[in-house]
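Here's protein-v9.pdb, which has PDB, C-alpha atoms:
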ATOM      1  CA  MET A   1      68.170-108.288 -42.125
ATOM      2  CA  THR A   2      71.605-107.299 -40.841
ATOM      3  CA  ASP A   3      73.105-103.969 -41.832
ATOM      4  CA  ARG A   4      74.707-104.054 -45.254
ATOM      5  CA  THR A   5      77.741-102.302 -46.596
ATOM      6  CA  TYR A   6      77.761-100.996 -50.156
ATOM      7  CA  PHE A   7      80.885 -99.980 -52.032
ATOM      8  CA  ALA A   8      80.778 -96.416 -53.369
ATOM      9  CA  PRO A   9      83.457 -94.685 -55.475
ATOM     10  CA  THR A  10      85.079 -91.546 -54.121
ATOM     11  CA  GLY A  11      87.221 -90.502 -57.086
ATOM     12  CA  GLY A  12      90.699 -89.102 -56.611
ATOM     13  CA  HIS A  13      93.757 -89.955 -58.697
ATOM     14  CA  PRO A  14      96.425 -92.643 -58.413
ATOM     15  CA  GLY A  15      99.977 -91.551 -57.721
ATOM     16  CA  GLN A  16     102.503 -91.145 -60.510
ATOM     17  CA  GLU A  17     104.375 -94.170 -59.144
ATOM     18  CA  GLN A  18     101.450 -96.511 -59.865
ATOM     19  CA  LEU A  19     101.605 -99.082 -62.665
ATOM     20  CA  LEU A  20      99.334 -98.578 -65.661
ATOM     21  CA  THR A  21      98.280-102.223 -65.760
ATOM     22  CA  ASP A  22      94.740-102.864 -64.475
ATOM     23  CA  ARG A  23      91.832-105.260 -65.012
ATOM     24  CA  ALA A  24      89.814-103.053 -67.368
ATOM     25  CA  VAL A  25      88.722-104.838 -70.528
ATOM     26  CA  PHE A  26      86.249-104.164 -73.347
ATOM     27  CA  THR A  27      85.325-106.943 -75.771
ATOM     28  CA  ASP A  28      82.604-107.543 -78.360
ATOM     29  CA  ALA A  29      80.596-109.468 -75.747
ATOM     30  CA  TYR A  30      81.309-107.803 -72.398
ATOM     31  CA  ALA A  31      83.169-105.078 -70.564
ATOM     32  CA  VAL A  32      84.709-105.006 -67.094
ATOM     33  CA  ILE A  33      85.176-101.567 -65.537
ATOM     34  CA  PRO A  34      87.237-101.953 -62.354
ATOM     35  CA  ARG A  35      86.607 -99.658 -59.439
ATOM     36  CA  GLY A  36      90.087 -98.166 -59.819
ATOM     37  CA  THR A  37      89.111 -96.547 -63.126
ATOM     38  CA  MET A  38      86.390 -94.398 -61.522
ATOM     39  CA  ARG A  39      88.590 -91.343 -60.954
ATOM     40  CA  ASP A  40      87.951 -87.617 -60.942
ATOM     41  CA  ILE A  41      89.021 -87.245 -64.567
ATOM     42  CA  VAL A  42      86.223 -89.463 -65.925
ATOM     43  CA  THR A  43      83.271 -87.769 -64.188
ATOM     44  CA  SER A  44      80.592 -85.742 -65.957
ATOM     45  CA  PHE A  45      78.112 -83.045 -64.964
ATOM     46  CA  LEU A  46      74.441 -83.020 -65.937
ATOM     47  CA  PRO A  47      72.080 -80.198 -66.961
ATOM     48  CA  HIS A  48      69.871 -78.741 -64.210
ATOM     49  CA  TRP A  49      71.880 -80.380 -61.400
ATOM     50  CA  ALA A  50      73.896 -78.481 -58.796
ATOM     51  CA  ASP A  51      76.903 -79.618 -56.743
ATOM     52  CA  MET A  52      77.060 -83.063 -58.296
ATOM     53  CA  ARG A  53      79.102 -85.256 -60.587
ATOM     54  CA  ALA A  54      78.444 -88.610 -62.222
ATOM     55  CA  TRP A  55      80.366 -91.647 -63.348
ATOM     56  CA  VAL A  56      78.688 -92.924 -66.519
ATOM     57  CA  ILE A  57      79.407 -96.645 -66.536
ATOM     58  CA  ALA A  58      76.985 -97.777 -69.265
ATOM     59  CA  ARG A  59      75.165 -96.135 -72.159
ATOM     60  CA  PRO A  60      73.282 -97.519 -75.180
ATOM     61  CA  MET A  61      75.707 -98.482 -77.943
ATOM     62  CA  THR A  62      74.815 -99.878 -81.351
ATOM     63  CA  GLY A  63      76.036-103.455 -81.626
ATOM     64  CA  PHE A  64      76.552-103.803 -77.874
ATOM     65  CA  ALA A  65      74.084-103.267 -75.007
ATOM     66  CA  GLU A  66      71.345-100.983 -76.350
ATOM     67  CA  THR A  67      68.573-100.700 -73.768
ATOM     68  CA  PHE A  68      69.873 -98.743 -70.772
ATOM     69  CA  SER A  69      72.271 -96.287 -69.197
ATOM     70  CA  HIS A  70      73.800 -96.584 -65.732
ATOM     71  CA  TYR A  71      75.227 -93.704 -63.688
ATOM     72  CA  ILE A  72      76.789 -93.495 -60.264
ATOM     73  CA  MET A  73      75.794 -90.095 -58.897
ATOM     74  CA  GLU A  74      77.633 -88.107 -56.233
ATOM     75  CA  VAL A  75      75.696 -85.175 -54.729
ATOM     76  CA  GLN A  76      77.329 -82.800 -52.267
ATOM     77  CA  PRO A  77      75.521 -81.254 -49.256
ATOM     78  CA  GLY A  78      72.993 -78.747 -50.556
ATOM     79  CA  GLY A  79      73.185 -80.174 -54.068
ATOM     80  CA  GLY A  80      70.542 -81.814 -56.195
ATOM     81  CA  SER A  81      68.000 -80.966 -58.870
ATOM     82  CA  ASP A  82      64.464 -79.720 -59.326
ATOM     83  CA  ARG A  83      64.577 -80.996 -62.905
ATOM     84  CA  PRO A  84      66.629 -84.189 -62.799
ATOM     85  CA  GLU A  85      65.218 -85.992 -65.843
ATOM     86  CA  THR A  86      64.932 -84.251 -69.216
ATOM     87  CA  ASP A  87      63.605 -87.219 -71.239
ATOM     88  CA  PRO A  88      59.825 -87.756 -70.805
ATOM     89  CA  GLN A  89      60.123 -91.359 -72.023
ATOM     90  CA  ALA A  90      62.743 -92.347 -69.454
ATOM     91  CA  GLU A  91      61.958 -94.562 -66.500
ATOM     92  CA  ALA A  92      64.467 -94.950 -63.701
ATOM     93  CA  VAL A  93      65.640 -96.880 -60.691
ATOM     94  CA  LEU A  94      67.612 -95.154 -57.934
ATOM     95  CA  PHE A  95      69.628 -97.141 -55.377
ATOM     96  CA  VAL A  96      71.450 -95.341 -52.564
ATOM     97  CA  VAL A  97      74.830 -96.686 -51.439
ATOM     98  CA  ASP A  98      76.272 -93.847 -49.334
ATOM     99  CA  GLY A  99      74.848 -90.905 -47.393
ATOM    100  CA  ALA A 100      71.227 -89.836 -47.699
ATOM    101  CA  VAL A 101      69.049 -87.976 -50.196
ATOM    102  CA  THR A 102      65.528 -86.609 -50.153
ATOM    103  CA  LEU A 103      63.558 -87.838 -53.154
ATOM    104  CA  THR A 104      60.298 -85.953 -53.648
ATOM    105  CA  ILE A 105      57.683 -87.578 -55.898
ATOM    106  CA  GLY A 106      54.908 -85.093 -56.565
ATOM    107  CA  ASP A 107      54.493 -83.495 -53.141
ATOM    108  CA  ALA A 108      55.619 -86.535 -51.123
ATOM    109  CA  PRO A 109      59.198 -86.451 -49.739
ATOM    110  CA  HIS A 110      61.105 -89.687 -49.089
ATOM    111  CA  VAL A 111      64.412 -89.755 -47.214
ATOM    112  CA  MET A 112      66.513 -92.483 -48.809
ATOM    113  CA  GLU A 113      69.479 -93.929 -46.921
ATOM    114  CA  PRO A 114      71.857 -96.769 -47.935
ATOM    115  CA  GLY A 115      69.791 -99.641 -49.310
ATOM    116  CA  GLY A 116      67.068 -97.231 -50.405
ATOM    117  CA  TYR A 117      65.451 -98.125 -53.737
ATOM    118  CA  ALA A 118      63.039 -96.094 -55.864
ATOM    119  CA  TYR A 119      61.255 -96.839 -59.123
ATOM    120  CA  LEU A 120      60.252 -93.778 -61.188
ATOM    121  CA  PRO A 121      57.995 -94.298 -64.237
ATOM    122  CA  PRO A 122      58.234 -92.185 -67.403
ATOM    123  CA  GLY A 123      56.798 -88.706 -66.992
ATOM    124  CA  CYS A 124      57.056 -88.901 -63.209
ATOM    125  CA  ASN A 125      57.384 -85.541 -61.431
ATOM    126  CA  TRP A 126      60.349 -85.969 -59.082
ATOM    127  CA  THR A 127      63.152 -83.960 -57.532
ATOM    128  CA  LEU A 128      66.193 -84.975 -55.504
ATOM    129  CA  HIS A 129      68.375 -83.090 -53.001
ATOM    130  CA  ASN A 130      71.009 -83.801 -50.399
ATOM    131  CA  HIS A 131      69.721 -81.973 -47.323
ATOM    132  CA  ALA A 132      71.547 -84.160 -44.799
ATOM    133  CA  GLY A 133      75.227 -84.126 -45.777
ATOM    134  CA  PRO A 134      77.888 -85.418 -46.173
ATOM    135  CA  ALA A 135      78.190 -86.376 -49.847
ATOM    136  CA  ALA A 136      75.567 -88.867 -51.022
ATOM    137  CA  ARG A 137      76.140 -91.486 -53.703
ATOM    138  CA  PHE A 138      73.526 -93.501 -55.546
ATOM    139  CA  HIS A 139      73.015 -95.528 -58.702
ATOM    140  CA  TRP A 140      70.717 -94.142 -61.375
ATOM    141  CA  ILE A 141      69.621 -96.647 -64.023
ATOM    142  CA  ARG A 142      67.635 -95.192 -66.935
ATOM    143  CA  LYS A 143      65.700 -96.896 -69.718
ATOM    144  CA  ALA A 144      63.319 -95.718 -72.431
ATOM    145  CA  TYR A 145      60.045 -97.267 -71.305
ATOM    146  CA  GLU A 146      58.423 -99.643 -73.795
ATOM    147  CA  PRO A 147      54.628 -99.531 -73.343
ATOM    148  CA  ALA A 148      52.539-102.631 -73.930
ATOM    149  CA  PRO A 149      49.021-102.435 -75.426
ATOM    150  CA  ASP A 150      46.268-102.107 -72.793
ATOM    151  CA  ILE A 151      48.758-102.283 -69.903
ATOM    152  CA  PRO A 152      49.343 -99.119 -67.864
ATOM    153  CA  ALA A 153      52.775 -97.874 -66.900
ATOM    154  CA  PRO A 154      53.898 -98.809 -63.376
ATOM    155  CA  ASP A 155      53.352 -96.578 -60.365
ATOM    156  CA  PRO A 156      56.320 -95.006 -58.574
ATOM    157  CA  PHE A 157      57.410 -96.514 -55.278
ATOM    158  CA  VAL A 158      60.160 -96.195 -52.665
ATOM    159  CA  THR A 159      61.432 -98.970 -50.421
ATOM    160  CA  ASN A 160      64.628-100.278 -48.827
ATOM    161  CA  GLU A 161      66.485-103.523 -49.325
ATOM    162  CA  ARG A 162      66.297-104.277 -45.595
ATOM    163  CA  ASP A 163      62.497-104.528 -45.856
ATOM    164  CA  ILE A 164      62.496-107.222 -48.568
ATOM    165  CA  ALA A 165      63.318-110.866 -47.934
ATOM    166  CA  PRO A 166      65.604-112.391 -50.596
ATOM    167  CA  THR A 167      64.125-115.191 -52.703
ATOM    168  CA  PRO A 168      66.362-118.305 -52.708
ATOM    169  CA  MET A 169      67.036-119.912 -56.053
ATOM    170  CA  PRO A 170      65.536-123.425 -56.181
ATOM    171  CA  GLY A 171      67.795-126.179 -54.921
ATOM    172  CA  THR A 172      70.435-123.848 -53.468
ATOM    173  CA  GLU A 173      69.354-123.818 -49.783
ATOM    174  CA  GLY A 174      69.665-120.056 -49.826
ATOM    175  CA  ARG A 175      73.284-119.965 -50.978
ATOM    176  CA  TRP A 176      72.142-118.097 -54.107
ATOM    177  CA  ALA A 177      69.287-115.645 -53.617
ATOM    178  CA  THR A 178      67.734-112.633 -55.329
ATOM    179  CA  THR A 179      66.203-109.566 -53.687
ATOM    180  CA  ARG A 180      63.328-108.648 -56.009
ATOM    181  CA  PHE A 181      61.820-105.190 -55.729
ATOM    182  CA  VAL A 182      59.164-105.913 -58.385
ATOM    183  CA  ASP A 183      56.956-108.956 -58.926
ATOM    184  CA  PRO A 184      58.448-110.753 -61.983
ATOM    185  CA  ALA A 185      54.913-111.415 -63.257
ATOM    186  CA  ASP A 186      53.969-107.721 -63.245
ATOM    187  CA  MET A 187      53.733-106.971 -66.972
ATOM    188  CA  ARG A 188      53.733-103.225 -66.376
ATOM    189  CA  HIS A 189      57.491-103.429 -65.846
ATOM    190  CA  ASP A 190      59.869-103.802 -68.802
ATOM    191  CA  MET A 191      63.042-103.930 -66.696
ATOM    192  CA  HIS A 192      64.106-105.493 -63.419
ATOM    193  CA  VAL A 193      66.773-104.131 -61.110
ATOM    194  CA  THR A 194      67.507-106.632 -58.359
ATOM    195  CA  ILE A 195      70.236-107.542 -55.878
ATOM    196  CA  VAL A 196      71.829-110.963 -56.274
ATOM    197  CA  THR A 197      73.604-112.531 -53.288
ATOM    198  CA  PHE A 198      75.950-115.527 -53.266
ATOM    199  CA  GLN A 199      77.235-117.022 -50.055
ATOM    200  CA  PRO A 200      80.898-118.173 -50.047
ATOM    201  CA  GLY A 201      81.271-121.218 -52.281
ATOM    202  CA  ALA A 202      77.979-120.671 -54.133
ATOM    203  CA  VAL A 203      77.970-120.870 -57.917
ATOM    204  CA  ILE A 204      75.953-120.267 -61.035
ATOM    205  CA  PRO A 205      76.395-123.863 -62.161
ATOM    206  CA  PHE A 206      75.866-123.334 -65.898
ATOM    207  CA  ALA A 207      76.722-120.756 -68.524
ATOM    208  CA  GLU A 208      73.666-118.514 -68.646
ATOM    209  CA  THR A 209      73.110-117.492 -72.268
ATOM    210  CA  HIS A 210      70.052-115.318 -72.831
ATOM    211  CA  VAL A 211      68.576-112.330 -74.627
ATOM    212  CA  MET A 212      68.587-109.994 -71.619
ATOM    213  CA  GLU A 213      71.276-107.331 -71.437
ATOM    214  CA  HIS A 214      72.974-106.895 -68.087
ATOM    215  CA  GLY A 215      74.691-104.330 -65.949
ATOM    216  CA  LEU A 216      76.203-105.822 -62.766
ATOM    217  CA  TYR A 217      77.713-103.532 -60.128
ATOM    218  CA  VAL A 218      79.475-105.404 -57.321
ATOM    219  CA  LEU A 219      78.206-104.012 -54.022
ATOM    220  CA  GLU A 220      80.119-106.314 -51.698
ATOM    221  CA  GLY A 221      82.654-109.141 -51.730
ATOM    222  CA  LYS A 222      84.611-110.774 -54.524
ATOM    223  CA  ALA A 223      84.233-113.644 -56.975
ATOM    224  CA  VAL A 224      85.451-115.171 -60.199
ATOM    225  CA  TYR A 225      83.018-114.508 -63.048
ATOM    226  CA  ARG A 226      82.863-116.397 -66.345
ATOM    227  CA  LEU A 227      82.225-113.936 -69.185
ATOM    228  CA  ASN A 228      82.046-115.426 -72.670
ATOM    229  CA  GLN A 229      85.230-117.588 -72.764
ATOM    230  CA  ASP A 230      87.115-115.821 -69.970
ATOM    231  CA  TRP A 231      87.307-116.151 -66.190
ATOM    232  CA  VAL A 232      87.596-112.674 -64.639
ATOM    233  CA  GLU A 233      88.256-111.766 -60.997
ATOM    234  CA  VAL A 234      85.903-109.067 -59.707
ATOM    235  CA  GLU A 235      85.511-107.283 -56.383
ATOM    236  CA  ALA A 236      83.337-104.670 -54.681
ATOM    237  CA  GLY A 237      83.157-101.544 -56.838
ATOM    238  CA  ASP A 238      83.722-103.325 -60.175
ATOM    239  CA  TYR A 239      81.160-103.154 -62.977
ATOM    240  CA  MET A 240      80.343-105.811 -65.565
ATOM    241  CA  TRP A 241      78.470-104.804 -68.709
ATOM    242  CA  LEU A 242      77.097-107.666 -70.826
ATOM    243  CA  ARG A 243      75.457-107.587 -74.218
ATOM    244  CA  ALA A 244      72.665-110.019 -75.091
ATOM    245  CA  PHE A 245      73.619-113.717 -75.271
ATOM    246  CA  CYS A 246      77.010-113.304 -73.586
ATOM    247  CA  PRO A 247      77.575-116.602 -71.684
ATOM    248  CA  GLN A 248      78.004-115.981 -67.969
ATOM    249  CA  ALA A 249      78.561-117.929 -64.760
ATOM    250  CA  CYS A 250      80.140-117.251 -61.389
ATOM    251  CA  TYR A 251      81.926-118.758 -58.389
ATOM    252  CA  ALA A 252      81.849-116.868 -55.085
ATOM    253  CA  GLY A 253      85.053-117.581 -53.237
ATOM    254  CA  GLY A 254      84.455-115.721 -49.980
ATOM    255  CA  PRO A 255      85.354-115.006 -47.265
ATOM    256  CA  GLY A 256      82.086-113.042 -47.124
ATOM    257  CA  PRO A 257      78.991-112.807 -49.333
ATOM    258  CA  PHE A 258      79.308-111.690 -52.941
ATOM    259  CA  ARG A 259      76.525-109.262 -53.891
ATOM    260  CA  TYR A 260      75.719-107.177 -56.948
ATOM    261  CA  LEU A 261      73.081-104.796 -58.275
ATOM    262  CA  LEU A 262      71.707-106.292 -61.498
ATOM    263  CA  TYR A 263      69.849-104.699 -64.411
ATOM    264  CA  LYS A 264      68.059-106.697 -67.096
ATOM    265  CA  ASP A 265      65.400-105.937 -69.717
ATOM    266  CA  VAL A 266      62.305-108.176 -69.571
ATOM    267  CA  ASN A 267      58.621-108.718 -70.435
ATOM    268  CA  ARG A 268      58.426-107.296 -73.944
ATOM    269  CA  HIS A 269      58.325-108.611 -77.516
ATOM    270  CA  MET A 270      61.557-108.353 -79.457
ATOM    271  CA  PRO A 271      61.653-105.564 -82.091
ATOM    272  CA  LEU A 272      61.448-106.996 -85.605
ATOM    273  CA  LYS A 273      63.414-104.140 -87.168
ATOM    274  CA  LEU A 274      67.125-103.457 -86.872
ATOM    275  CA  SER A 275      66.607-100.035 -85.311
ATOM    276  CA  ARG A 276      65.248 -99.680 -81.797
ATOM    277  CA  ARG A 277      61.802 -98.198 -81.325
TER     278      ARG A 277
END
Take the structure from the file and write it as structure tokens.
Amino acid sequence: MTDRTYFAPTGGHPGQEQLLTDRAVFTDAYAVIPRGTMRDIVTSFLPHWADMRAWVIARPMTGFAETFSHYIMEVQPGGGSDRPETDPQAEAVLFVVDGAVTLTIGDAPHVMEPGGYAYLPPGCNWTLHNHAGPAARFHWIRKAYEPAPDIPAPDPFVTNERDIAPTPMPGTEGRWATTRFVDPADMRHDMHVTIVTFQPGAVIPFAETHVMEHGLYVLEGKAVYRLNQDWVEVEAGDYMWLRAFCPQACYAGGPGPFRYLLYKDVNRHMPLKLSRR
């Protein structure tokens, strides 16, 4: 696989001469968070982390998307955490887009560079530090794990996108493909985080309408995305947040590939009560 580039926010502030108008939108069915909104003023800090900040771009909200949170983490040289996760029920996926971090699972260290992907099950003993410098940036997707009777929780693993061949969608001759880090038939997993790639001119040729919630972070390229009844232009660094059953489709206009990191919840029965378990 050729080297990939991944957009990563760097913060800062726009000048006072800039127009207020932007592409940010929040509706009952979807939200679009453009890359230009990820400024210094909207970052947060987290307990038990040092020399870091985070852009929180999705969180569970009643009546919207309820299953996951999505952070973009920025860790300075020497920063990190020996106690990164405070919720014993939380599982996580990490995806590195800039710099390098050392993820230690138990006693095993893993140096993760751009394209690096890690799955961390609930209760996993892990730490993360930036020993290499300069600043490292990575996505951190968290979900409360939903166990299934007589099925164990998944094992942790670390890999890199470059080591996984994308799976072409049927009938597309590779113009639309998905990099899958987990076997879709593995019932231990209750969420999938994948990378979807469209070559210039490729499309989702129907309005997908389904129960899965989505977070889509554009890693590379640009496209026009159909969200509910609207066509929205998106580019590298933008984030799309979709509640269940929001119709969606896409047209990749080029000139290069259009690629995004995709979260969806899968492989579990639907709760039959209004409140989440």
Please provide as a VMD selection string all residues within 9 Å of Pro156 of chain A, with the sequence filter that same-chain residues fewer than 2 positions apart are discarded (counting all atoms listed in the file).
chain A and resid 105 118 to 121 124 154 158
Now that the selection is made, can you save its residues with C-alpha atoms as a PDB file, in the coordinates of the input?
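Result went into result-v5.pdb, see below:
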ATOM      1  CA  ILE A 105      57.683 -87.578 -55.898  1.00  0.00           C
ATOM      2  CA  ALA A 118      63.039 -96.094 -55.864  1.00  0.00           C
ATOM      3  CA  TYR A 119      61.255 -96.839 -59.123  1.00  0.00           C
ATOM      4  CA  LEU A 120      60.252 -93.778 -61.188  1.00  0.00           C
ATOM      5  CA  PRO A 121      57.995 -94.298 -64.237  1.00  0.00           C
ATOM      6  CA  CYS A 124      57.056 -88.901 -63.209  1.00  0.00           C
ATOM      7  CA  PRO A 154      53.898 -98.809 -63.376  1.00  0.00           C
ATOM      8  CA  VAL A 158      60.160 -96.195 -52.665  1.00  0.00           C
TER       9      VAL A 158
END
Taking (86.7, -111.6, -63.5) in the coordinates of the supplied file, I want to know which residues reach to within 9 Å of it, counting all atoms listed in the file; could you give the answer as number ranges by chain?
A: 23, 32, 223-227, 230-235, 240, 250
At a cut-off of 12 Å, can you tabulate as a Markdown table every residue of segment 163-212 of chain A near segment 264-272 of chain A together with its closest atom pair and the distance in Å to one decimal, using only C-alpha atoms and ordering rows by chain then number?
| residue | atom | partner | partner_atom | distance |
| --- | --- | --- | --- | --- |
| A:Val182 | CA | A:Val266 | CA | 11.8 |
| A:Asp183 | CA | A:Asn267 | CA | 11.6 |
| A:Pro184 | CA | A:Asn267 | CA | 8.7 |
| A:Ala185 | CA | A:Asn267 | CA | 8.5 |
| A:Asp186 | CA | A:Asn267 | CA | 8.6 |
| A:Met187 | CA | A:Asn267 | CA | 6.2 |
| A:Arg188 | CA | A:Asn267 | CA | 8.4 |
| A:His189 | CA | A:Asn267 | CA | 7.1 |
| A:Asp190 | CA | A:Val266 | CA | 5.1 |
| A:Met191 | CA | A:Asp265 | CA | 4.3 |
| A:His192 | CA | A:Lys264 | CA | 5.5 |
| A:Val193 | CA | A:Lys264 | CA | 6.6 |
| A:Thr194 | CA | A:Lys264 | CA | 8.8 |
| A:Ile195 | CA | A:Lys264 | CA | 11.5 |
| A:His210 | CA | A:Lys264 | CA | 10.5 |
| A:Val211 | CA | A:Asp265 | CA | 8.7 |
| A:Met212 | CA | A:Asp265 | CA | 5.5 |
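You will find atom CA of Ala207 of chain A at 5.0 Å from atom CA of Gln248 of chain A.
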So which one's closest to Ala144 of chain A, A:His214, A:Arg180, A:Ala92, A:Pro168? Using only C-alpha atoms, please.
A:Ala92
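Between Asp238 of chain A and the candidates A:Gln199, A:Thr37, A:Thr127, A:Thr167, the tightest atom-to-atom separation, counting all atoms listed in the file, involves A:Thr37.
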Quick one, how far is atom CA of Gln18 of chain A from atom CA of Lys222 of chain A?
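Answer for the atom CA of Gln18 of chain A to atom CA of Lys222 of chain A separation: 22.7 Å.
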Residue among A:Ala90, A:Ala8, A:Ile41, A:Ala148 lying closest to Ala136 of chain A, counting all atoms listed in the file:
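Smallest separation from Ala136 of chain A among the options: A:Ala8.
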To verify the selection step, state as a PDB file with C-alpha atoms, keeping the file's coordinate frame which residues the PyMOL selection byres ((chain A and resi 111) around 6) yields on this input.
ATOM      1  CA  VAL A 101      69.049 -87.976 -50.196  1.00  0.00           C
ATOM      2  CA  THR A 102      65.528 -86.609 -50.153  1.00  0.00           C
ATOM      3  CA  HIS A 110      61.105 -89.687 -49.089  1.00  0.00           C
ATOM      4  CA  MET A 112      66.513 -92.483 -48.809  1.00  0.00           C
TER       5      MET A 112
END
Restore N, CA and C atoms in segment 60-82 of chain A and list the result as a tab-separated table (two decimals), in the frame of the given file.
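Writing the result to part14.tsv gives the following:
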chain	number	residue	atom	x	y	z
A	60	PRO	N	73.63	-96.75	-73.99
A	60	PRO	CA	73.28	-97.52	-75.18
A	60	PRO	C	74.33	-97.36	-76.28
A	61	MET	N	74.73	-98.49	-76.86
A	61	MET	CA	75.71	-98.48	-77.94
A	61	MET	C	75.27	-99.47	-79.02
A	62	THR	N	75.20	-99.01	-80.25
A	62	THR	CA	74.82	-99.88	-81.35
A	62	THR	C	75.78	-101.06	-81.45
A	63	GLY	N	75.22	-102.26	-81.52
A	63	GLY	CA	76.04	-103.46	-81.63
A	63	GLY	C	76.53	-103.99	-80.30
A	64	PHE	N	76.16	-103.31	-79.20
A	64	PHE	CA	76.55	-103.80	-77.87
A	64	PHE	C	75.28	-103.86	-77.03
A	65	ALA	N	75.30	-103.36	-75.81
A	65	ALA	CA	74.08	-103.27	-75.01
A	65	ALA	C	73.35	-101.99	-75.40
A	66	GLU	N	72.05	-102.09	-75.71
A	66	GLU	CA	71.34	-100.98	-76.35
A	66	GLU	C	70.17	-100.45	-75.55
A	67	THR	N	69.85	-101.04	-74.41
A	67	THR	CA	68.57	-100.70	-73.77
A	67	THR	C	68.67	-99.73	-72.61
A	68	PHE	N	69.85	-99.47	-72.04
A	68	PHE	CA	69.87	-98.74	-70.77
A	68	PHE	C	71.14	-97.92	-70.62
A	69	SER	N	71.08	-96.98	-69.68
A	69	SER	CA	72.27	-96.29	-69.20
A	69	SER	C	72.35	-96.46	-67.69
A	70	HIS	N	73.57	-96.36	-67.16
A	70	HIS	CA	73.80	-96.58	-65.73
A	70	HIS	C	74.80	-95.54	-65.25
A	71	TYR	N	74.37	-94.72	-64.29
A	71	TYR	CA	75.23	-93.70	-63.69
A	71	TYR	C	75.46	-94.05	-62.22
A	72	ILE	N	76.61	-93.62	-61.71
A	72	ILE	CA	76.79	-93.50	-60.26
A	72	ILE	C	76.86	-92.00	-59.97
A	73	MET	N	75.92	-91.52	-59.18
A	73	MET	CA	75.79	-90.10	-58.90
A	73	MET	C	76.42	-89.77	-57.54
A	74	GLU	N	77.10	-88.63	-57.49
A	74	GLU	CA	77.63	-88.11	-56.23
A	74	GLU	C	77.08	-86.69	-56.06
A	75	VAL	N	76.33	-86.46	-54.97
A	75	VAL	CA	75.70	-85.18	-54.73
A	75	VAL	C	76.21	-84.62	-53.41
A	76	GLN	N	76.77	-83.44	-53.45
A	76	GLN	CA	77.33	-82.80	-52.27
A	76	GLN	C	76.22	-82.22	-51.39
A	77	PRO	N	76.53	-81.90	-50.12
A	77	PRO	CA	75.52	-81.25	-49.26
A	77	PRO	C	74.96	-79.99	-49.90
A	78	GLY	N	73.65	-79.88	-49.93
A	78	GLY	CA	72.99	-78.75	-50.56
A	78	GLY	C	72.76	-78.91	-52.04
A	79	GLY	N	73.33	-79.96	-52.64
A	79	GLY	CA	73.18	-80.17	-54.07
A	79	GLY	C	71.93	-80.95	-54.41
A	80	GLY	N	71.69	-81.06	-55.72
A	80	GLY	CA	70.54	-81.81	-56.20
A	80	GLY	C	69.93	-81.17	-57.42
A	81	SER	N	68.65	-81.47	-57.66
A	81	SER	CA	68.00	-80.97	-58.87
A	81	SER	C	66.50	-80.90	-58.69
A	82	ASP	N	65.92	-79.82	-59.21
A	82	ASP	CA	64.46	-79.72	-59.33
A	82	ASP	C	63.97	-80.18	-60.69
